[in-house]
Amino acid sequence: EFYTWNLPRQAFRSLVETTKAVIGEAKGKPFFEAMMKKIESDPTYNLAREFGVFFSEPHLISGPTEEMFATKLIEILPLIGQPLSKTVKLSEYHFSGFLNWLRFDLFKDGADTLMKLGFYPHTHPELYYQLAEAVNIFSGRASLGALSSAGPVLNLVLFAPRFTLSNLQLINPVYYASLHPAVRKWVLMKVLRATLFRWTFKILIGSLGAKVFGPHVIRLEKDPRSSDFGKIVLFDTIRINPDRGLDQQAVVLSRIATLQRKDLATGEIYPIVPE
C-alpha cells in the first residue's frame, strides 16, 4: 500500500515485471533471481543491506523469509500437499521478488532525499538506520527487538507478529518522536500521502457506488466505532479491506475513547460497559 501510493511508477513497473513472469516462462525462482540481479546491480543496494533493509530469500526453512510463507507444513498434507506446495512456492518467489524491489526503491528514494539535505551515510549513519527501519515497518517487517530470534516460533502462535507490530508502530507517536527531524518529515510525508490517497480511493468507490447502486449494494463505513470502519461493504455481507488492517487500530482507539460501539446488524450505537 505505502509503495503503491508513494512510488506509483516503480510499483507499476514491478507489477508489470511480475505479471510478465507469471504469463511467461521465467516463473518462480528464475523470476526472483532476475529481480534480485537488477536490485544488486544498483550501488545503493549495498547501502540498503548495510543499514538493515530486509530482503527476503524465498523458501528457506529458517532465515529471512516473508512471514506468511514461513511455515512449510502444507507440504506434509496427504494427497494435496505436493501440488499445493508447488503453487505456494511459485507465489512466494513472485511475492518476495516484488516486495524486495519495492523495499529497495523506497530506501533509495529516502536516501536520495537525505543526501540532497546534506546528510550522508558516512557522516550521519544513524539517519540511514532510521530510514531502513521505516522501510521495513512500511512493508510489515518491524523489528521484534529482543524477541527477534523467537520470530519463527511467534509466527506459529501469532500469525505475522512483525506485520502486527508494524501496524502499531505506524500509529505510535513515540516512534515518530524518536526519529531525526529529516527522517521524520520523510516518513510522515509517506504516511500522510498513502493515507490521503487510499481514503480518496475508498470514498470515491464507496460514495459513487452507493449513489449508483444503493447503500445495500455497496457502501463505505465511515464510523470508527464500527468494526467495518474503512472497509468497502458489498451486499451487507462481503467486506473488502484495502488497508492491510491499518484502520482497525483506529477502531480500538475510538472505542476506548468513546466507550461506544456500532452494531453491524442494526447500525445502532451501544455503550461499552467495562467489567
# chains A, B, ... in the order shown; residues from 1 in each chain; ligands from 1

$ residues_around --residues "Leu47 in chain A" --least-positions-apart "5" --cutoff "9 Å" --atoms "only C-alpha atoms" --output "number ranges by chain"
A: 52-53, 121, 128

$ residues_around --residues "Met115 in chain A" --least-positions-apart "3" --cutoff "12 Å" --atoms "only C-alpha atoms" --output "ChimeraX atom specification"
/A:108-112,118-125,127-128,182-183

$ closest_residue --among "A:Ile137, A:Ala132, A:Leu234, A:Leu192" --to "Glu50 in chain A" --atoms "only C-alpha atoms"
A:Ala132

$ closest_residue --among "A:Glu57, A:Asp42, A:Asp243, A:Asp236" --to "Leu196 in chain A" --atoms "only C-alpha atoms"
A:Asp243

$ residues_around --residues "range 171-176 of chain A" --least-positions-apart "6" --cutoff "12 Å" --atoms "only C-alpha atoms" --output "list in words"
Gln130, Leu131, Glu133, Ala134, Ile137, Phe138, Ala142, Thr164, Leu165, Ala182, Val183, Arg184, Lys185, Trp186, Val187, Leu188, Met189, Val191, Leu192, Thr195, Leu246, Asp247, Gln248, Gln249, Ala250, Val252 and Leu253 of chain A

$ write_last_selection --atoms "N, CA and C atoms" --output "PDB file, in the first residue's frame"
ATOM      1  N   GLN A 130      17.625   4.651  10.744  1.00  0.00           N
ATOM      2  CA  GLN A 130      16.220   5.003  10.947  1.00  0.00           C
ATOM      3  C   GLN A 130      15.425   4.869   9.649  1.00  0.00           C
ATOM      4  N   LEU A 131      16.040   5.260   8.550  1.00  0.00           N
ATOM      5  CA  LEU A 131      15.385   5.146   7.249  1.00  0.00           C
ATOM      6  C   LEU A 131      15.107   3.687   6.909  1.00  0.00           C
ATOM      7  N   GLU A 133      14.819   1.199   8.970  1.00  0.00           N
ATOM      8  CA  GLU A 133      13.783   0.693   9.882  1.00  0.00           C
ATOM      9  C   GLU A 133      12.398   1.113   9.402  1.00  0.00           C
ATOM     10  N   ALA A 134      12.271   2.365   8.920  1.00  0.00           N
ATOM     11  CA  ALA A 134      10.982   2.849   8.422  1.00  0.00           C
ATOM     12  C   ALA A 134      10.540   2.058   7.198  1.00  0.00           C
ATOM     13  N   ILE A 137       9.234  -1.204   8.379  1.00  0.00           N
ATOM     14  CA  ILE A 137       7.916  -1.048   9.014  1.00  0.00           C
ATOM     15  C   ILE A 137       6.842  -0.864   7.956  1.00  0.00           C
ATOM     16  N   PHE A 138       7.121  -0.054   6.946  1.00  0.00           N
ATOM     17  CA  PHE A 138       6.151   0.163   5.871  1.00  0.00           C
ATOM     18  C   PHE A 138       5.763  -1.149   5.188  1.00  0.00           C
ATOM     19  N   ALA A 142       8.519  -5.004  10.992  1.00  0.00           N
ATOM     20  CA  ALA A 142       9.023  -4.322  12.181  1.00  0.00           C
ATOM     21  C   ALA A 142       9.943  -5.239  12.976  1.00  0.00           C
ATOM     22  N   THR A 164       1.896  -7.254  12.504  1.00  0.00           N
ATOM     23  CA  THR A 164       1.031  -6.645  13.514  1.00  0.00           C
ATOM     24  C   THR A 164       1.745  -5.508  14.225  1.00  0.00           C
ATOM     25  N   LEU A 165       3.005  -5.736  14.591  1.00  0.00           N
ATOM     26  CA  LEU A 165       3.778  -4.700  15.268  1.00  0.00           C
ATOM     27  C   LEU A 165       4.000  -3.502  14.353  1.00  0.00           C
ATOM     28  N   ALA A 182      14.742  15.178   9.893  1.00  0.00           N
ATOM     29  CA  ALA A 182      14.785  14.957   8.447  1.00  0.00           C
ATOM     30  C   ALA A 182      14.111  13.640   8.075  1.00  0.00           C
ATOM     31  N   VAL A 183      14.379  12.601   8.865  1.00  0.00           N
ATOM     32  CA  VAL A 183      13.755  11.299   8.610  1.00  0.00           C
ATOM     33  C   VAL A 183      12.277  11.360   8.962  1.00  0.00           C
ATOM     34  N   ARG A 184      11.963  12.039  10.065  1.00  0.00           N
ATOM     35  CA  ARG A 184      10.563  12.151  10.485  1.00  0.00           C
ATOM     36  C   ARG A 184       9.716  12.823   9.402  1.00  0.00           C
ATOM     37  N   LYS A 185      10.236  13.878   8.809  1.00  0.00           N
ATOM     38  CA  LYS A 185       9.498  14.571   7.758  1.00  0.00           C
ATOM     39  C   LYS A 185       9.248  13.653   6.565  1.00  0.00           C
ATOM     40  N   TRP A 186      10.277  12.904   6.173  1.00  0.00           N
ATOM     41  CA  TRP A 186      10.143  11.983   5.035  1.00  0.00           C
ATOM     42  C   TRP A 186       9.132  10.897   5.344  1.00  0.00           C
ATOM     43  N   VAL A 187       9.218  10.316   6.557  1.00  0.00           N
ATOM     44  CA  VAL A 187       8.293   9.243   6.955  1.00  0.00           C
ATOM     45  C   VAL A 187       6.869   9.760   7.003  1.00  0.00           C
ATOM     46  N   LEU A 188       6.651  10.916   7.648  1.00  0.00           N
ATOM     47  CA  LEU A 188       5.300  11.462   7.774  1.00  0.00           C
ATOM     48  C   LEU A 188       4.695  11.806   6.416  1.00  0.00           C
ATOM     49  N   MET A 189       5.520  12.304   5.510  1.00  0.00           N
ATOM     50  CA  MET A 189       5.017  12.608   4.168  1.00  0.00           C
ATOM     51  C   MET A 189       4.540  11.336   3.471  1.00  0.00           C
ATOM     52  N   VAL A 191       3.515   8.520   4.983  1.00  0.00           N
ATOM     53  CA  VAL A 191       2.315   8.026   5.680  1.00  0.00           C
ATOM     54  C   VAL A 191       1.098   8.858   5.307  1.00  0.00           C
ATOM     55  N   LEU A 192       1.244  10.175   5.334  1.00  0.00           N
ATOM     56  CA  LEU A 192       0.113  11.055   5.027  1.00  0.00           C
ATOM     57  C   LEU A 192      -0.321  10.918   3.574  1.00  0.00           C
ATOM     58  N   THR A 195      -2.172   7.638   3.245  1.00  0.00           N
ATOM     59  CA  THR A 195      -3.482   7.735   3.893  1.00  0.00           C
ATOM     60  C   THR A 195      -4.448   8.559   3.056  1.00  0.00           C
ATOM     61  N   LEU A 246      -4.870  -1.509   8.777  1.00  0.00           N
ATOM     62  CA  LEU A 246      -4.439  -0.299   9.479  1.00  0.00           C
ATOM     63  C   LEU A 246      -5.581   0.402  10.206  1.00  0.00           C
ATOM     64  N   ASP A 247      -6.777   0.381   9.623  1.00  0.00           N
ATOM     65  CA  ASP A 247      -7.891   1.118  10.222  1.00  0.00           C
ATOM     66  C   ASP A 247      -8.430   0.449  11.477  1.00  0.00           C
ATOM     67  N   GLN A 248      -8.101  -0.810  11.709  1.00  0.00           N
ATOM     68  CA  GLN A 248      -8.620  -1.486  12.893  1.00  0.00           C
ATOM     69  C   GLN A 248      -8.007  -0.943  14.174  1.00  0.00           C
ATOM     70  N   GLN A 249      -6.794  -0.397  14.086  1.00  0.00           N
ATOM     71  CA  GLN A 249      -6.222   0.254  15.261  1.00  0.00           C
ATOM     72  C   GLN A 249      -7.039   1.495  15.628  1.00  0.00           C
ATOM     73  N   ALA A 250      -7.547   2.190  14.590  1.00  0.00           N
ATOM     74  CA  ALA A 250      -8.390   3.365  14.835  1.00  0.00           C
ATOM     75  C   ALA A 250      -9.688   2.959  15.517  1.00  0.00           C
ATOM     76  N   VAL A 252     -10.107   0.432  17.635  1.00  0.00           N
ATOM     77  CA  VAL A 252      -9.786   0.177  19.046  1.00  0.00           C
ATOM     78  C   VAL A 252      -9.661   1.484  19.815  1.00  0.00           C
ATOM     79  N   LEU A 253      -8.903   2.433  19.270  1.00  0.00           N
ATOM     80  CA  LEU A 253      -8.697   3.717  19.954  1.00  0.00           C
ATOM     81  C   LEU A 253      -9.999   4.484  20.090  1.00  0.00           C
TER      82      LEU A 253
END

$ atom_distance --atom1 "CA of Glu268 in chain A" --atom2 "CA of Phe201 in chain A"
26.8 Å

$ residues_around --residues "range 93-101 of chain A" --least-positions-apart "2" --cutoff "8 Å" --atoms "only C-alpha atoms" --output "list in words"
Ser14, Leu15, Thr18, Lys27, Gly28, Lys29, Phe31, Phe32, Met35, Met36, Ile39, Phe54, Phe55, Ser56, Glu57, Pro58, His59, Glu66, Lys89, Leu90, Ser91, Arg103, Phe104, Asp105 and Ser139 of chain A

$ select_by_dssp --residues "range 160-271 of chain A" --states "alpha helix (DSSP H)" --output "ChimeraX atom specification"
/A:161-169,173-177,181-213,246-258

$ write_last_selection --atoms "C-alpha atoms" --output "short mmCIF file (atom, residue, chain, number, x, y, z; two decimals), in the first residue's frame"
data_model
loop_
_atom_site.label_atom_id
_atom_site.label_comp_id
_atom_site.auth_asym_id
_atom_site.auth_seq_id
_atom_site.Cartn_x
_atom_site.Cartn_y
_atom_site.Cartn_z
CA PRO A 161 3.78 -10.76 14.57
CA ARG A 162 6.13 -8.40 12.71
CA PHE A 163 3.26 -7.29 10.50
CA THR A 164 1.03 -6.64 13.51
CA LEU A 165 3.78 -4.70 15.27
CA SER A 166 4.33 -2.64 12.09
CA ASN A 167 0.70 -1.53 12.11
CA LEU A 168 1.01 -0.49 15.75
CA GLN A 169 4.24 1.41 15.07
CA PRO A 173 3.56 8.92 18.31
CA VAL A 174 6.56 7.84 20.38
CA TYR A 175 8.05 6.19 17.29
CA TYR A 176 7.77 9.38 15.23
CA ALA A 177 9.16 11.49 18.09
CA PRO A 181 13.62 15.63 12.03
CA ALA A 182 14.79 14.96 8.45
CA VAL A 183 13.75 11.30 8.61
CA ARG A 184 10.56 12.15 10.48
CA LYS A 185 9.50 14.57 7.76
CA TRP A 186 10.14 11.98 5.03
CA VAL A 187 8.29 9.24 6.95
CA LEU A 188 5.30 11.46 7.77
CA MET A 189 5.02 12.61 4.17
CA LYS A 190 4.89 8.98 3.02
CA VAL A 191 2.32 8.03 5.68
CA LEU A 192 0.11 11.06 5.03
CA ARG A 193 0.31 10.63 1.27
CA ALA A 194 -0.64 6.96 1.47
CA THR A 195 -3.48 7.74 3.89
CA LEU A 196 -4.82 10.55 1.72
CA PHE A 197 -4.77 8.56 -1.49
CA ARG A 198 -6.24 5.38 -0.07
CA TRP A 199 -9.10 7.22 1.62
CA THR A 200 -9.75 9.26 -1.53
CA PHE A 201 -9.93 5.98 -3.45
CA LYS A 202 -12.24 4.37 -0.90
CA ILE A 203 -14.55 7.38 -0.63
CA LEU A 204 -14.86 7.59 -4.41
CA ILE A 205 -15.65 3.89 -4.71
CA GLY A 206 -17.97 3.80 -1.69
CA SER A 207 -19.82 7.06 -2.30
CA LEU A 208 -20.22 6.68 -6.06
CA GLY A 209 -21.19 3.05 -5.66
CA ALA A 210 -23.80 3.89 -3.04
CA LYS A 211 -25.32 6.58 -5.26
CA VAL A 212 -25.40 4.42 -8.38
CA PHE A 213 -26.34 1.04 -6.91
CA LEU A 246 -4.44 -0.30 9.48
CA ASP A 247 -7.89 1.12 10.22
CA GLN A 248 -8.62 -1.49 12.89
CA GLN A 249 -6.22 0.25 15.26
CA ALA A 250 -8.39 3.37 14.84
CA VAL A 251 -11.43 1.29 15.80
CA VAL A 252 -9.79 0.18 19.05
CA LEU A 253 -8.70 3.72 19.95
CA SER A 254 -12.12 5.16 19.09
CA ARG A 255 -13.95 2.63 21.21
CA ILE A 256 -11.60 3.22 24.15
CA ALA A 257 -12.06 7.00 23.84
CA THR A 258 -15.87 6.96 23.50
#

$ atom_distance --atom1 "CA of Tyr129 in chain A" --atom2 "CA of Gly245 in chain A"
26.2 Å

$ select_by_dssp --residues "range 97-247 of chain A" --states "strand (DSSP E or B)" --output "NGL selection string"
:A and (218-220 or 232-234 or 238-240)
